[in-house]
Amino acid sequence: MARIQKTNAMRELERAGIAFEALTYEVDESDLSGIHVSERLGEDPEQGFKTLVTVSPAGDHAVLCIPVAHELDLKAAARAAGQKSLSMLRVHDLLPTTGYMRGGCSPVGMKRRFPTIIDRSCERWDAIFISGGRRGLQLKLSPRDLIAHTGAITAGICRKG
């Protein structure tokens with residue numbers, strides 16, 4: 001078995017003593033969707049969570065994790081974040097803001113820690129899948145561990161896609 005090169009997300013989880021499983025998959029640059037990734041890994045798409053980064057009118061960022069088959073409800077996310085409104089961070093601002101690129105953004109190991117909100121559906125699972133910090137890498141871990149480590153709150157922040 002080939003050794004997996006560690007990412008910031010993996011190193012941070014290891015330092016915190018959080019158990020996770022790293023899973024790799026072949027990247028299809030023409031389809032970076034989380035549904036495609038879930039299908040490649042044989043995951044339930046309700047268990048796979050994509051990481052989205054938003055910005056408020058004042059420039060405050062929030063990290064949001066929702067099931068890959070769903071869409072973000074920006075109004076619900078803004079309420080949960082205590083903001084009047086939120087908009088999606090522009091893709092070209094993602095790398096300088098988080099240290100991650102589109103398709104490889106993880107709620108763990110960003111350049112800075114931002115307020116994090118995870119859709120409450122994560123609580124139904126013993127384990128969920130998040131990006132490992134680069135395309136082609138997923139991490140399987142306990143949602144309770146992820147919530148505790150990131151200081152996240154849970155809220156209903158998505159709608160079926």
# chains A, B, ... in the order shown; residues from 1 in each chain; ligands from 1

$ residues_around --residues "Ile128 of chain A" --least-positions-apart "2" --cutoff "6 Å" --atoms "only C-alpha atoms" --output "list in words"
Gln47, Gly48, Lys140 and Leu141 of chain A

$ write_last_selection --atoms "N, CA and C atoms" --output "JSON list (two decimals), in the first residue's frame"
[["chain", "number", "residue", "atom", "x", "y", "z"],
["A", 47, "GLN", "N", -23.37, 11.08, 4.11],
["A", 47, "GLN", "CA", -22.29, 10.97, 5.08],
["A", 47, "GLN", "C", -21.06, 11.76, 4.66],
["A", 48, "GLY", "N", -21.00, 12.13, 3.39],
["A", 48, "GLY", "CA", -19.89, 12.93, 2.87],
["A", 48, "GLY", "C", -20.23, 14.41, 3.02],
["A", 140, "LYS", "N", -12.13, 10.04, 7.09],
["A", 140, "LYS", "CA", -13.31, 9.50, 7.78],
["A", 140, "LYS", "C", -13.05, 9.67, 9.27],
["A", 141, "LEU", "N", -13.98, 10.35, 9.97],
["A", 141, "LEU", "CA", -13.81, 10.60, 11.39],
["A", 141, "LEU", "C", -15.15, 10.79, 12.07]]

$ residues_around --residues "segment 57-64 of chain A" --least-positions-apart "5" --cutoff "12 Å" --atoms "only C-alpha atoms" --output "ChimeraX atom specification"
/A:49-52,71-74,76-90,93-94,97-98,105-108,110,112-120,130,147,150-158

$ residues_around --residues "segment 143-146 of chain A" --least-positions-apart "5" --cutoff "8 Å" --atoms "only C-alpha atoms" --output "PyMOL selection string"
chain A and resi 18+122-123+125-128+152

$ closest_atom_pairs --of "segment 85-157 of chain A" --to "segment 21-30 of chain A" --cutoff "10 Å" --atoms "only C-alpha atoms" --output "JSON lines"
{"residue": "A:Gly103", "atom": "CA", "partner": "A:Glu29", "partner_atom": "CA", "distance": 9.2}
{"residue": "A:Phe129", "atom": "CA", "partner": "A:Glu21", "partner_atom": "CA", "distance": 9.2}
{"residue": "A:Ile130", "atom": "CA", "partner": "A:Ala22", "partner_atom": "CA", "distance": 9.9}
{"residue": "A:Ser131", "atom": "CA", "partner": "A:Ala22", "partner_atom": "CA", "distance": 9.6}
{"residue": "A:Gly132", "atom": "CA", "partner": "A:Ala22", "partner_atom": "CA", "distance": 7.3}
{"residue": "A:Arg135", "atom": "CA", "partner": "A:Val27", "partner_atom": "CA", "distance": 6.5}
{"residue": "A:Gly136", "atom": "CA", "partner": "A:Tyr25", "partner_atom": "CA", "distance": 4.9}
{"residue": "A:Leu137", "atom": "CA", "partner": "A:Thr24", "partner_atom": "CA", "distance": 4.6}
{"residue": "A:Gln138", "atom": "CA", "partner": "A:Leu23", "partner_atom": "CA", "distance": 5.1}
{"residue": "A:Leu139", "atom": "CA", "partner": "A:Ala22", "partner_atom": "CA", "distance": 4.7}
{"residue": "A:Lys140", "atom": "CA", "partner": "A:Glu21", "partner_atom": "CA", "distance": 5.0}
{"residue": "A:Leu141", "atom": "CA", "partner": "A:Glu21", "partner_atom": "CA", "distance": 6.7}
